[in-house]
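Q: This is input-v8.cif, which holds mmCIF, C-alpha atoms and all ligand atoms:
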data_final
loop_
_atom_site.group_PDB
_atom_site.id
_atom_site.type_symbol
_atom_site.label_atom_id
_atom_site.label_comp_id
_atom_site.auth_asym_id
_atom_site.auth_seq_id
_atom_site.Cartn_x
_atom_site.Cartn_y
_atom_site.Cartn_z
ATOM 1 C CA MET A 788 20.082 135.490 184.447
ATOM 2 C CA LYS A 789 17.116 137.733 183.669
ATOM 3 C CA ILE A 790 16.454 138.564 180.048
ATOM 4 C CA ALA A 791 13.796 140.622 178.294
ATOM 5 C CA VAL A 792 13.168 140.450 174.542
ATOM 6 C CA SER A 793 11.738 143.371 172.606
ATOM 7 C CA GLY A 794 11.623 144.632 169.004
ATOM 8 C CA LYS A 795 9.346 145.671 166.173
ATOM 9 C CA GLY A 796 6.155 143.708 165.566
ATOM 10 C CA GLY A 797 6.905 140.482 163.740
ATOM 11 C CA ALA A 798 10.687 140.784 164.108
ATOM 12 C CA GLY A 799 10.946 137.440 165.911
ATOM 13 C CA LYS A 800 10.663 138.174 169.659
ATOM 14 C CA THR A 801 8.477 135.194 170.418
ATOM 15 C CA THR A 802 10.532 132.814 168.291
ATOM 16 C CA LEU A 803 13.736 133.880 170.043
ATOM 17 C CA ALA A 804 12.235 133.791 173.548
ATOM 18 C CA GLY A 805 10.619 130.388 173.019
ATOM 19 C CA VAL A 806 13.609 128.640 171.485
ATOM 20 C CA MET A 807 16.005 130.235 173.947
ATOM 21 C CA ALA A 808 13.924 128.903 176.817
ATOM 22 C CA ARG A 809 14.007 125.386 175.329
ATOM 23 C CA VAL A 810 17.767 125.446 174.670
ATOM 24 C CA LEU A 811 18.474 126.527 178.243
ATOM 25 C CA ALA A 812 16.034 124.028 179.738
ATOM 26 C CA ASN A 813 17.702 121.301 177.724
ATOM 27 C CA ARG A 814 20.923 122.228 179.495
ATOM 28 C CA GLY A 815 19.248 121.597 182.810
ATOM 29 C CA LYS A 816 18.565 125.228 183.686
ATOM 30 C CA LYS A 817 15.323 126.110 185.424
ATOM 31 C CA ILE A 818 13.430 128.569 183.266
ATOM 32 C CA ILE A 819 10.522 130.896 183.835
ATOM 33 C CA ALA A 820 9.214 132.212 180.509
ATOM 34 C CA ILE A 821 6.844 135.143 180.771
ATOM 35 C CA ASP A 822 4.503 136.082 177.956
ATOM 36 C CA ALA A 823 4.019 139.818 178.413
ATOM 37 C CA ASP A 824 2.666 140.451 174.939
ATOM 38 C CA PRO A 825 -1.075 141.197 175.046
ATOM 39 C CA ASP A 826 -1.410 139.061 171.917
ATOM 40 C CA SER A 827 0.005 136.011 173.669
ATOM 41 C CA ASN A 828 1.620 133.281 171.588
ATOM 42 C CA LEU A 829 4.776 132.317 173.420
ATOM 43 C CA ALA A 830 3.258 128.962 174.364
ATOM 44 C CA SER A 831 3.415 127.572 170.847
ATOM 45 C CA ALA A 832 7.002 128.812 170.343
ATOM 46 C CA ILE A 833 7.918 126.827 173.464
ATOM 47 C CA GLY A 834 6.071 123.807 172.109
ATOM 48 C CA ILE A 835 2.988 123.810 174.331
ATOM 49 C CA ASP A 836 0.105 122.500 172.244
ATOM 50 C CA GLU A 837 -3.320 124.094 172.041
ATOM 51 C CA GLY A 838 -4.945 121.289 173.985
ATOM 52 C CA SER A 839 -2.791 121.956 177.045
ATOM 53 C CA LEU A 840 -3.481 125.669 176.725
ATOM 54 C CA ALA A 841 -7.245 125.280 176.682
ATOM 55 C CA GLY A 842 -8.693 126.656 179.866
ATOM 56 C CA VAL A 843 -5.579 128.642 180.733
ATOM 57 C CA ARG A 844 -6.487 132.269 181.181
ATOM 58 C CA PRO A 845 -4.029 135.135 181.133
ATOM 59 C CA LEU A 846 -3.471 136.489 184.626
ATOM 60 C CA ALA A 847 -4.716 139.960 183.714
ATOM 61 C CA SER A 848 -8.159 138.576 182.928
ATOM 62 C CA MET A 849 -8.574 136.828 186.256
ATOM 63 C CA GLU A 850 -10.475 139.615 187.924
ATOM 64 C CA GLU A 851 -11.952 137.532 190.723
ATOM 65 C CA PHE A 852 -8.530 136.212 191.635
ATOM 66 C CA ILE A 853 -6.951 139.653 191.509
ATOM 67 C CA ALA A 854 -9.717 141.163 193.602
ATOM 68 C CA GLU A 855 -9.180 138.544 196.294
ATOM 69 C CA ARG A 856 -5.473 139.161 196.652
ATOM 70 C CA PRO A 857 -4.594 140.739 199.972
ATOM 71 C CA GLY A 858 -3.504 144.281 199.260
ATOM 72 C CA ALA A 859 -5.158 144.487 195.858
ATOM 73 C CA LYS A 860 -8.812 145.044 196.586
ATOM 74 C CA LYS A 861 -10.893 146.516 193.835
ATOM 75 C CA GLY A 862 -12.645 149.731 194.711
ATOM 76 C CA GLU A 863 -14.368 152.717 193.250
ATOM 77 C CA TYR A 864 -12.431 154.799 190.807
ATOM 78 C CA GLY A 865 -10.187 157.089 192.772
ATOM 79 C CA SER A 866 -10.110 154.933 195.838
ATOM 80 C CA PHE A 867 -6.838 154.162 197.539
ATOM 81 C CA PHE A 868 -5.013 150.980 196.678
ATOM 82 C CA LYS A 869 -2.324 149.300 198.591
ATOM 83 C CA LEU A 870 -0.008 148.404 195.763
ATOM 84 C CA ASN A 871 1.818 145.340 196.939
ATOM 85 C CA PRO A 872 -0.444 142.361 196.470
ATOM 86 C CA ARG A 873 0.839 138.914 197.290
ATOM 87 C CA VAL A 874 2.403 137.305 194.214
ATOM 88 C CA ASP A 875 4.888 134.701 195.379
ATOM 89 C CA ASP A 876 2.493 131.776 194.862
ATOM 90 C CA ILE A 877 1.593 132.754 191.290
ATOM 91 C CA PRO A 878 4.496 131.137 189.400
ATOM 92 C CA GLU A 879 3.585 127.728 190.832
ATOM 93 C CA ARG A 880 -0.186 128.079 190.715
ATOM 94 C CA PHE A 881 -0.693 129.731 187.360
ATOM 95 C CA SER A 882 1.810 128.299 184.981
ATOM 96 C CA LEU A 883 2.189 125.535 182.466
ATOM 97 C CA THR A 884 5.360 123.563 182.113
ATOM 98 C CA LYS A 885 6.899 121.932 179.089
ATOM 99 C CA GLU A 886 10.298 120.235 179.000
ATOM 100 C CA GLY A 887 11.522 122.201 182.004
ATOM 101 C CA VAL A 888 10.163 125.570 180.866
ATOM 102 C CA ARG A 889 7.584 127.160 183.134
ATOM 103 C CA LEU A 890 5.318 129.569 181.233
ATOM 104 C CA ILE A 891 3.328 132.394 182.795
ATOM 105 C CA ILE A 892 0.912 134.338 180.571
ATOM 106 C CA LEU A 893 0.281 137.893 181.735
ATOM 107 C CA GLY A 894 -2.239 139.050 179.124
ATOM 108 C CA ASN A 895 -3.604 142.462 178.468
ATOM 109 C CA ILE A 896 -4.294 145.134 181.060
ATOM 110 C CA PRO A 897 -7.257 147.198 179.877
ATOM 111 C CA GLN A 898 -6.210 150.779 179.178
ATOM 112 C CA GLY A 899 -7.960 154.129 179.370
ATOM 113 C CA GLY A 900 -11.688 154.717 179.528
ATOM 114 C CA GLY A 901 -11.316 156.651 182.786
ATOM 115 C CA GLY A 902 -11.355 153.475 184.850
ATOM 116 C CA CYS A 903 -8.661 152.504 187.270
ATOM 117 C CA PHE A 904 -6.913 149.229 186.671
ATOM 118 C CA CYS A 905 -4.568 149.692 189.591
ATOM 119 C CA ALA A 906 -5.181 146.237 191.001
ATOM 120 C CA GLU A 907 -4.351 144.465 187.736
ATOM 121 C CA ASN A 908 -1.333 146.666 187.169
ATOM 122 C CA ALA A 909 -0.057 146.198 190.688
ATOM 123 C CA LEU A 910 -0.402 142.457 190.431
ATOM 124 C CA LEU A 911 1.385 142.044 187.112
ATOM 125 C CA ARG A 912 4.147 144.480 187.909
ATOM 126 C CA GLY A 913 4.507 142.926 191.346
ATOM 127 C CA LEU A 914 4.793 139.509 189.778
ATOM 128 C CA LEU A 915 7.489 140.681 187.380
ATOM 129 C CA SER A 916 9.457 142.288 190.203
ATOM 130 C CA HIS A 917 9.116 139.105 192.213
ATOM 131 C CA VAL A 918 10.486 136.815 189.515
ATOM 132 C CA MET A 919 13.249 139.248 188.631
ATOM 133 C CA ILE A 920 14.380 139.958 192.159
ATOM 134 C CA GLU A 921 13.576 136.940 194.271
ATOM 135 C CA ARG A 922 13.586 133.899 192.031
ATOM 136 C CA ASP A 923 16.831 132.246 191.107
ATOM 137 C CA GLU A 924 15.544 130.720 187.872
ATOM 138 C CA TYR A 925 16.564 131.961 184.482
ATOM 139 C CA VAL A 926 13.804 134.391 183.453
ATOM 140 C CA ILE A 927 12.953 135.253 179.835
ATOM 141 C CA VAL A 928 10.258 137.851 179.170
ATOM 142 C CA ASP A 929 8.630 138.190 175.735
ATOM 143 C CA LEU A 930 7.656 141.869 175.590
ATOM 144 C CA GLU A 931 6.088 144.085 173.020
ATOM 145 C CA ALA A 932 8.112 147.024 171.699
ATOM 146 C CA GLY A 933 6.902 149.232 174.540
ATOM 147 C CA LEU A 934 8.405 148.491 177.927
ATOM 148 C CA GLU A 935 5.333 149.348 180.013
ATOM 149 C CA TYR A 936 5.542 146.289 182.207
ATOM 150 C CA LEU A 937 9.064 147.050 183.344
ATOM 151 C CA GLY A 938 8.654 149.415 186.227
ATOM 152 C CA ARG A 939 11.327 151.124 188.219
ATOM 153 C CA GLY A 940 12.842 148.826 190.773
ATOM 154 C CA THR A 941 12.763 145.870 188.385
ATOM 155 C CA THR A 942 15.044 147.185 185.691
ATOM 156 C CA GLU A 943 18.243 147.033 187.682
ATOM 157 C CA TYR A 944 17.833 143.277 187.908
ATOM 158 C CA ILE A 945 17.578 142.790 184.144
ATOM 159 C CA ASP A 946 20.883 141.438 182.890
ATOM 160 C CA ALA A 947 20.058 142.201 179.290
ATOM 161 C CA LEU A 948 17.334 143.589 177.092
ATOM 162 C CA ILE A 949 17.631 141.921 173.705
ATOM 163 C CA VAL A 950 16.185 143.888 170.819
ATOM 164 C CA ILE A 951 15.579 141.629 167.862
ATOM 165 C CA VAL A 952 15.809 143.324 164.476
ATOM 166 C CA GLU A 953 15.201 142.382 160.874
ATOM 167 C CA PRO A 954 17.517 143.862 158.270
ATOM 168 C CA GLY A 955 15.261 146.846 157.572
ATOM 169 C CA ARG A 956 15.179 150.493 158.551
ATOM 170 C CA ARG A 957 11.851 150.382 160.393
ATOM 171 C CA SER A 958 13.212 147.668 162.596
ATOM 172 C CA PHE A 959 16.320 149.774 163.359
ATOM 173 C CA GLN A 960 14.122 152.734 164.203
ATOM 174 C CA THR A 961 12.248 150.611 166.738
ATOM 175 C CA ALA A 962 15.565 149.421 168.188
ATOM 176 C CA ARG A 963 16.680 153.011 168.760
ATOM 177 C CA GLN A 964 13.355 153.880 170.390
ATOM 178 C CA VAL A 965 13.524 150.847 172.649
ATOM 179 C CA LYS A 966 17.098 151.744 173.594
ATOM 180 C CA LYS A 967 15.968 155.233 174.556
ATOM 181 C CA LEU A 968 13.128 153.890 176.708
ATOM 182 C CA ALA A 969 15.518 151.391 178.276
ATOM 183 C CA ASP A 970 18.017 154.143 179.106
ATOM 184 C CA ASP A 971 15.233 156.210 180.645
ATOM 185 C CA ILE A 972 14.208 153.435 183.015
ATOM 186 C CA GLY A 973 17.752 152.385 183.827
ATOM 187 C CA ILE A 974 18.326 149.129 181.967
ATOM 188 C CA LYS A 975 22.081 148.845 181.722
ATOM 189 C CA LYS A 976 22.603 146.458 178.851
ATOM 190 C CA VAL A 977 20.735 146.592 175.564
ATOM 191 C CA CYS A 978 21.900 144.279 172.788
ATOM 192 C CA ILE A 979 20.838 143.247 169.329
ATOM 193 C CA VAL A 980 20.001 139.963 167.662
ATOM 194 C CA GLY A 981 19.635 140.065 163.874
ATOM 195 C CA ASN A 982 16.849 137.872 162.506
ATOM 196 C CA LYS A 983 15.712 136.758 159.035
ATOM 197 C CA ILE A 984 19.283 137.012 157.785
ATOM 198 C CA ASN A 985 19.985 136.074 154.182
ATOM 199 C CA GLY A 986 23.736 136.431 154.158
ATOM 200 C CA ARG A 987 26.707 138.604 154.873
ATOM 201 C CA GLU A 988 25.140 141.756 153.448
ATOM 202 C CA ASP A 989 22.259 141.613 155.910
ATOM 203 C CA LYS A 990 24.665 141.303 158.837
ATOM 204 C CA ASP A 991 26.756 144.249 157.596
ATOM 205 C CA PHE A 992 23.616 146.314 157.083
ATOM 206 C CA ILE A 993 22.595 145.747 160.706
ATOM 207 C CA ARG A 994 26.037 146.540 162.090
ATOM 208 C CA GLU A 995 26.353 149.712 160.025
ATOM 209 C CA ASN A 996 22.984 151.008 161.097
ATOM 210 C CA LEU A 997 23.151 150.088 164.748
ATOM 211 C CA GLN A 998 26.657 151.122 165.640
ATOM 212 C CA GLY A 999 27.179 151.268 169.366
ATOM 213 C CA PHE A 1000 24.806 148.364 170.002
ATOM 214 C CA PRO A 1001 26.520 145.084 170.865
ATOM 215 C CA VAL A 1002 25.326 142.374 168.460
ATOM 216 C CA LEU A 1003 24.899 139.000 170.169
ATOM 217 C CA GLY A 1004 24.334 136.980 167.013
ATOM 218 C CA TYR A 1005 22.100 136.207 164.085
ATOM 219 C CA ILE A 1006 19.249 133.904 163.107
ATOM 220 C CA SER A 1007 18.994 132.938 159.439
ATOM 221 C CA GLN A 1008 15.902 133.347 157.324
ATOM 222 C CA ASN A 1009 14.611 129.847 157.779
ATOM 223 C CA ALA A 1010 11.611 128.125 156.213
ATOM 224 C CA LYS A 1011 11.463 125.693 159.129
ATOM 225 C CA ILE A 1012 10.715 128.560 161.538
ATOM 226 C CA ALA A 1013 7.777 129.639 159.407
ATOM 227 C CA GLU A 1014 6.667 126.025 159.080
ATOM 228 C CA ALA A 1015 6.757 125.559 162.852
ATOM 229 C CA ASP A 1016 4.555 128.621 163.247
ATOM 230 C CA ARG A 1017 2.057 127.271 160.710
ATOM 231 C CA ARG A 1018 1.958 123.952 162.543
ATOM 232 C CA GLY A 1019 1.727 125.541 165.995
ATOM 233 C CA ILE A 1020 4.882 123.851 167.247
ATOM 234 C CA SER A 1021 8.274 125.060 168.424
ATOM 235 C CA PRO A 1022 11.041 125.566 165.847
ATOM 236 C CA TYR A 1023 13.251 123.988 168.515
ATOM 237 C CA ASP A 1024 11.609 120.640 167.877
ATOM 238 C CA ILE A 1025 12.090 120.550 164.124
ATOM 239 C CA ASP A 1026 15.234 122.436 163.217
ATOM 240 C CA GLU A 1027 18.852 121.957 164.191
ATOM 241 C CA THR A 1028 20.039 125.230 162.601
ATOM 242 C CA VAL A 1029 17.862 127.487 164.733
ATOM 243 C CA ARG A 1030 18.842 125.542 167.854
ATOM 244 C CA ALA A 1031 22.531 126.028 167.049
ATOM 245 C CA GLU A 1032 22.168 129.715 166.175
ATOM 246 C CA ILE A 1033 20.257 130.483 169.346
ATOM 247 C CA ALA A 1034 22.719 128.448 171.415
ATOM 248 C CA GLU A 1035 25.449 130.734 170.055
ATOM 249 C CA ILE A 1036 23.424 133.782 171.031
ATOM 250 C CA ILE A 1037 23.171 132.422 174.573
ATOM 251 C CA GLU A 1038 26.949 131.861 174.594
ATOM 252 C CA ALA A 1039 27.497 135.481 173.569
ATOM 253 C CA LEU A 1040 25.125 136.632 176.297
ATOM 254 C CA GLU A 1041 26.726 134.600 179.055
ATOM 255 C CA GLY A 1042 30.274 134.688 177.784
ATOM 256 C CA PRO A 1043 33.195 136.852 178.861
ATOM 257 C CA GLY A 1044 32.824 140.571 178.409
ATOM 258 C CA ARG A 1045 29.118 140.628 179.010
HETATM 259 N N1 LIG B 1101 14.293 133.519 160.949
HETATM 260 C C1 LIG B 1101 13.056 133.386 160.466
HETATM 261 N N2 LIG B 1101 12.821 132.821 159.270
HETATM 262 C C2 LIG B 1101 11.571 132.696 158.781
HETATM 263 N N3 LIG B 1101 10.470 133.098 159.434
HETATM 264 C C3 LIG B 1101 10.643 133.673 160.636
HETATM 265 C C4 LIG B 1101 11.929 133.834 161.230
HETATM 266 N N4 LIG B 1101 11.774 134.420 162.438
HETATM 267 C C5 LIG B 1101 10.462 134.607 162.604
HETATM 268 N N5 LIG B 1101 9.774 134.161 161.530
HETATM 269 C C6 LIG B 1101 8.319 134.224 161.320
HETATM 270 O O1 LIG B 1101 7.926 135.587 161.412
HETATM 271 C C7 LIG B 1101 6.704 135.715 162.104
HETATM 272 C C8 LIG B 1101 6.904 136.591 163.330
HETATM 273 O O2 LIG B 1101 7.753 135.937 164.258
HETATM 274 P P1 LIG B 1101 7.486 136.069 165.823
HETATM 275 O O3 LIG B 1101 6.072 135.733 166.124
HETATM 276 O O4 LIG B 1101 8.554 135.323 166.519
HETATM 277 O O5 LIG B 1101 7.718 137.628 165.960
HETATM 278 P P2 LIG B 1101 7.261 138.610 167.126
HETATM 279 O O6 LIG B 1101 8.247 139.715 167.114
HETATM 280 O O7 LIG B 1101 7.053 137.875 168.388
HETATM 281 O O8 LIG B 1101 5.870 139.100 166.543
HETATM 282 P P3 LIG B 1101 4.712 139.925 167.321
HETATM 283 O O9 LIG B 1101 5.174 141.346 167.287
HETATM 284 O O10 LIG B 1101 3.509 139.682 166.466
HETATM 285 O O11 LIG B 1101 4.619 139.358 168.693
HETATM 286 C C9 LIG B 1101 6.266 134.292 162.471
HETATM 287 O O12 LIG B 1101 5.398 133.836 161.475
HETATM 288 C C10 LIG B 1101 7.559 133.520 162.441
HETATM 289 O O13 LIG B 1101 7.357 132.174 162.145
HETATM 290 MG MG MG B 1102 5.360 137.788 169.645
#
Represent the structure contained in this file as structure tokens.
A:
Amino acid sequence: MKIAVSGKGGAGKTTLAGVMARVLANRGKKIIAIDADPDSNLASAIGIDEGSLAGVRPLASMEEFIAERPGAKKGEYGSFFKLNPRVDDIPERFSLTKEGVRLIILGNIPQGGGGCFCAENALLRGLLSHVMIERDEYVIVDLEAGLEYLGRGTTEYIDALIVIVEPGRRSFQTARQVKKLADDIGIKKVCIVGNKINGREDKDFIRENLQGFPVLGYISQNAKIAEADRRGISPYDIDETVRAEIAEIIEALEGPGR
């Protein structure tokens, strides 16, 4: 299954993606987790410590490597690029693994300034297409609210785009915007996970405001999740409740009627 997670800043994308990856890996599934947020922090939500991360550079910043790829030569601005660099060796060569979760960090593609970042773009988009289309692992992508990385050709392979929302109107607004973008690029299934839930009222508030969106489940407001973030560890490793809630979300995703 191929899953992308989006939502408003701070809504809980990384927490959901990281714990989901660990729950699935614990069930013996092979997982590729992709950190597509320029401000990368999926590693700690998976439980990869800072020591193991030291020296790991996001793919987007590896200019020498990108320039060497057949088909992705750097050139003068305006020059012609062949846009299908080789990517099939990247998941094995440039990833970290923890408890059965393989993490790939994409990083930030520089924007604007009149320069052409075609090679970087082609590589990262090519990599995403590759893992979505040709790999049989479970893939979970931690995205920002924009869906820039998801190009045409990839979207039809996404089984679900999960938009994580907090019980608040700004979060709902982002969910509607993401849904619109997703419709535009042809993602078939967009569903909601409610996070930072303090009780029945919060769940009702989400359902009332996001009618028409299937709701996969909820994650409670949970001091252990915040504690895990402070300590730079995965909530998966210290809290049974979040494990159980996210397991239920996975059930809803995989279950009948999906
Ligand atoms: N259910 C929860 N209970 C308490 N704290 C939470 C919960 N979910 C997330 N948090 C905290 O909220 C903050 C944001 O969570 P997270 O990093 O997962 O969100 P994000 O959507 O990935 O954010 P960003 O947009 O910055 O990437 C973190 O400090 C996290 O520990
Ligand atoms: Mg995040």
Q: Ranking A:Phe959, A:Pro954, A:Lys975, A:Asn813 by minimum distance to Ser1007 of chain A and counting only C-alpha atoms, which one comes first?
A: A:Pro954
Q: Smallest atom-to-atom distance to Val843 of chain A: which of A:Thr942, A:Gly797, A:Ile891, A:Ile818, using all atoms listed in the file?
A: A:Ile891
Q: Extract, using all atoms listed in the file, all DNA, RNA and protein residues at most 12 Å from Asn996 of chain A, discarding same-chain residues fewer than 4 positions from it, and format them as a ChimeraX atom specification.
A: /A:952-960,962-963,979,981,989-992,1000-1002
Q: Between A:Gly1042, A:Gly834, A:Gly999, A:Gly973, which is the closest to Ala804 of chain A once you count only C-alpha atoms?
A: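 The answer is A:Gly834, which sits nearest to Ala804 of chain A.
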Q: Report the residues retrieved by the PyMOL selection byres (((chain A and resi 950) around 6) and not hetatm) from the displayed file, expressed as a ChimeraX atom specification.
A: /A:792-794,949,951,979
Q: On this file, the PyMOL selection byres (((chain A and resi 839) around 10) and not hetatm) gives some set of residues; write that set as a ChimeraX atom specification.
A: /A:830,835-838,840-843,883-885
Q: Hey, could you pull the box centre and edge lengths for segment 984-998 of chain A, axis-aligned, 6 Å padding per side, all listed atoms, to one decimal in Å, as AutoDock Vina command-line options?
A:
--center_x 23.0 --center_y 143.6 --center_z 159.5 --size_x 19.5 --size_y 27.0 --size_z 24.2
Q: Could you list the protein, DNA and RNA residues that have any atom within 8 Å of ligand LIG 1101 (chain B), counting all atoms listed in the file, and write them as a PyMOL selection string?
A: chain A and resi 793-803+824+826-829+832+929-932+951+982-984+1006-1017+1029
Q: For those residues, write C-alpha atoms to a file as a PDB file, keeping the file's coordinate frame.
A:
ATOM      1  CA  SER A 793      11.738 143.371 172.606  1.00  0.00           C
ATOM      2  CA  GLY A 794      11.623 144.632 169.004  1.00  0.00           C
ATOM      3  CA  LYS A 795       9.346 145.671 166.173  1.00  0.00           C
ATOM      4  CA  GLY A 796       6.155 143.708 165.566  1.00  0.00           C
ATOM      5  CA  GLY A 797       6.905 140.482 163.740  1.00  0.00           C
ATOM      6  CA  ALA A 798      10.687 140.784 164.108  1.00  0.00           C
ATOM      7  CA  GLY A 799      10.946 137.440 165.911  1.00  0.00           C
ATOM      8  CA  LYS A 800      10.663 138.174 169.659  1.00  0.00           C
ATOM      9  CA  THR A 801       8.477 135.194 170.418  1.00  0.00           C
ATOM     10  CA  THR A 802      10.532 132.814 168.291  1.00  0.00           C
ATOM     11  CA  LEU A 803      13.736 133.880 170.043  1.00  0.00           C
ATOM     12  CA  ASP A 824       2.666 140.451 174.939  1.00  0.00           C
ATOM     13  CA  ASP A 826      -1.410 139.061 171.917  1.00  0.00           C
ATOM     14  CA  SER A 827       0.005 136.011 173.669  1.00  0.00           C
ATOM     15  CA  ASN A 828       1.620 133.281 171.588  1.00  0.00           C
ATOM     16  CA  LEU A 829       4.776 132.317 173.420  1.00  0.00           C
ATOM     17  CA  ALA A 832       7.002 128.812 170.343  1.00  0.00           C
ATOM     18  CA  ASP A 929       8.630 138.190 175.735  1.00  0.00           C
ATOM     19  CA  LEU A 930       7.656 141.869 175.590  1.00  0.00           C
ATOM     20  CA  GLU A 931       6.088 144.085 173.020  1.00  0.00           C
ATOM     21  CA  ALA A 932       8.112 147.024 171.699  1.00  0.00           C
ATOM     22  CA  ILE A 951      15.579 141.629 167.862  1.00  0.00           C
ATOM     23  CA  ASN A 982      16.849 137.872 162.506  1.00  0.00           C
ATOM     24  CA  LYS A 983      15.712 136.758 159.035  1.00  0.00           C
ATOM     25  CA  ILE A 984      19.283 137.012 157.785  1.00  0.00           C
ATOM     26  CA  ILE A1006      19.249 133.904 163.107  1.00  0.00           C
ATOM     27  CA  SER A1007      18.994 132.938 159.439  1.00  0.00           C
ATOM     28  CA  GLN A1008      15.902 133.347 157.324  1.00  0.00           C
ATOM     29  CA  ASN A1009      14.611 129.847 157.779  1.00  0.00           C
ATOM     30  CA  ALA A1010      11.611 128.125 156.213  1.00  0.00           C
ATOM     31  CA  LYS A1011      11.463 125.693 159.129  1.00  0.00           C
ATOM     32  CA  ILE A1012      10.715 128.560 161.538  1.00  0.00           C
ATOM     33  CA  ALA A1013       7.777 129.639 159.407  1.00  0.00           C
ATOM     34  CA  GLU A1014       6.667 126.025 159.080  1.00  0.00           C
ATOM     35  CA  ALA A1015       6.757 125.559 162.852  1.00  0.00           C
ATOM     36  CA  ASP A1016       4.555 128.621 163.247  1.00  0.00           C
ATOM     37  CA  ARG A1017       2.057 127.271 160.710  1.00  0.00           C
ATOM     38  CA  VAL A1029      17.862 127.487 164.733  1.00  0.00           C
TER      39      VAL A1029
END
Q: Nearest residue to Phe852 of chain A out of A:Ile819, A:Leu910, A:Met807, A:Val926, using all atoms listed in the file?
A: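 Selected residue with least distance to Phe852 of chain A: A:Leu910.
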Q: For a quick check of understanding, using only C-alpha atoms, which of A:Lys967, A:Arg922, A:Arg844, A:Arg873 has the smallest distance to Met788 of chain A?
A: A:Arg922
Q: Which value, in Å to one decimal, gives the distance between atom CA of Glu879 of chain A and atom CA of Ile892 of chain A?
A: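 Taking atom CA of Glu879 of chain A and atom CA of Ile892 of chain A, their separation equals 12.5 Å.
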Q: Can you fill out segment 958-973 of chain A with N, CA and C atoms and hand it back as a PDB file, in the coordinates of the input?
A:
ATOM      1  N   SER A 958      12.799 148.471 161.456  1.00  0.00           N
ATOM      2  CA  SER A 958      13.212 147.668 162.596  1.00  0.00           C
ATOM      3  C   SER A 958      14.317 148.384 163.401  1.00  0.00           C
ATOM      4  N   PHE A 959      15.232 149.041 162.680  1.00  0.00           N
ATOM      5  CA  PHE A 959      16.320 149.774 163.359  1.00  0.00           C
ATOM      6  C   PHE A 959      15.748 150.947 164.151  1.00  0.00           C
ATOM      7  N   GLN A 960      14.752 151.597 163.537  1.00  0.00           N
ATOM      8  CA  GLN A 960      14.122 152.734 164.203  1.00  0.00           C
ATOM      9  C   GLN A 960      13.516 152.281 165.538  1.00  0.00           C
ATOM     10  N   THR A 961      12.830 151.143 165.498  1.00  0.00           N
ATOM     11  CA  THR A 961      12.248 150.611 166.738  1.00  0.00           C
ATOM     12  C   THR A 961      13.360 150.316 167.744  1.00  0.00           C
ATOM     13  N   ALA A 962      14.464 149.754 167.277  1.00  0.00           N
ATOM     14  CA  ALA A 962      15.565 149.421 168.188  1.00  0.00           C
ATOM     15  C   ALA A 962      16.071 150.684 168.892  1.00  0.00           C
ATOM     16  N   ARG A 963      16.190 151.764 168.140  1.00  0.00           N
ATOM     17  CA  ARG A 963      16.680 153.011 168.760  1.00  0.00           C
ATOM     18  C   ARG A 963      15.671 153.538 169.774  1.00  0.00           C
ATOM     19  N   GLN A 964      14.382 153.423 169.438  1.00  0.00           N
ATOM     20  CA  GLN A 964      13.355 153.880 170.390  1.00  0.00           C
ATOM     21  C   GLN A 964      13.366 153.037 171.663  1.00  0.00           C
ATOM     22  N   VAL A 965      13.504 151.735 171.483  1.00  0.00           N
ATOM     23  CA  VAL A 965      13.524 150.847 172.649  1.00  0.00           C
ATOM     24  C   VAL A 965      14.744 151.169 173.512  1.00  0.00           C
ATOM     25  N   LYS A 966      15.861 151.418 172.858  1.00  0.00           N
ATOM     26  CA  LYS A 966      17.098 151.744 173.594  1.00  0.00           C
ATOM     27  C   LYS A 966      16.891 153.010 174.442  1.00  0.00           C
ATOM     28  N   LYS A 967      16.194 153.985 173.842  1.00  0.00           N
ATOM     29  CA  LYS A 967      15.968 155.233 174.556  1.00  0.00           C
ATOM     30  C   LYS A 967      15.080 154.990 175.782  1.00  0.00           C
ATOM     31  N   LEU A 968      14.003 154.229 175.579  1.00  0.00           N
ATOM     32  CA  LEU A 968      13.128 153.890 176.708  1.00  0.00           C
ATOM     33  C   LEU A 968      13.906 153.141 177.785  1.00  0.00           C
ATOM     34  N   ALA A 969      14.745 152.210 177.335  1.00  0.00           N
ATOM     35  CA  ALA A 969      15.518 151.391 178.276  1.00  0.00           C
ATOM     36  C   ALA A 969      16.475 152.271 179.084  1.00  0.00           C
ATOM     37  N   ASP A 970      17.115 153.220 178.403  1.00  0.00           N
ATOM     38  CA  ASP A 970      18.017 154.143 179.106  1.00  0.00           C
ATOM     39  C   ASP A 970      17.234 154.937 180.146  1.00  0.00           C
ATOM     40  N   ASP A 971      16.048 155.391 179.741  1.00  0.00           N
ATOM     41  CA  ASP A 971      15.233 156.210 180.645  1.00  0.00           C
ATOM     42  C   ASP A 971      14.862 155.471 181.922  1.00  0.00           C
ATOM     43  N   ILE A 972      14.621 154.168 181.809  1.00  0.00           N
ATOM     44  CA  ILE A 972      14.208 153.435 183.015  1.00  0.00           C
ATOM     45  C   ILE A 972      15.364 152.678 183.650  1.00  0.00           C
ATOM     46  N   GLY A 973      16.560 152.880 183.133  1.00  0.00           N
ATOM     47  CA  GLY A 973      17.752 152.385 183.827  1.00  0.00           C
ATOM     48  C   GLY A 973      18.161 150.952 183.535  1.00  0.00           C
TER      49      GLY A 973
END
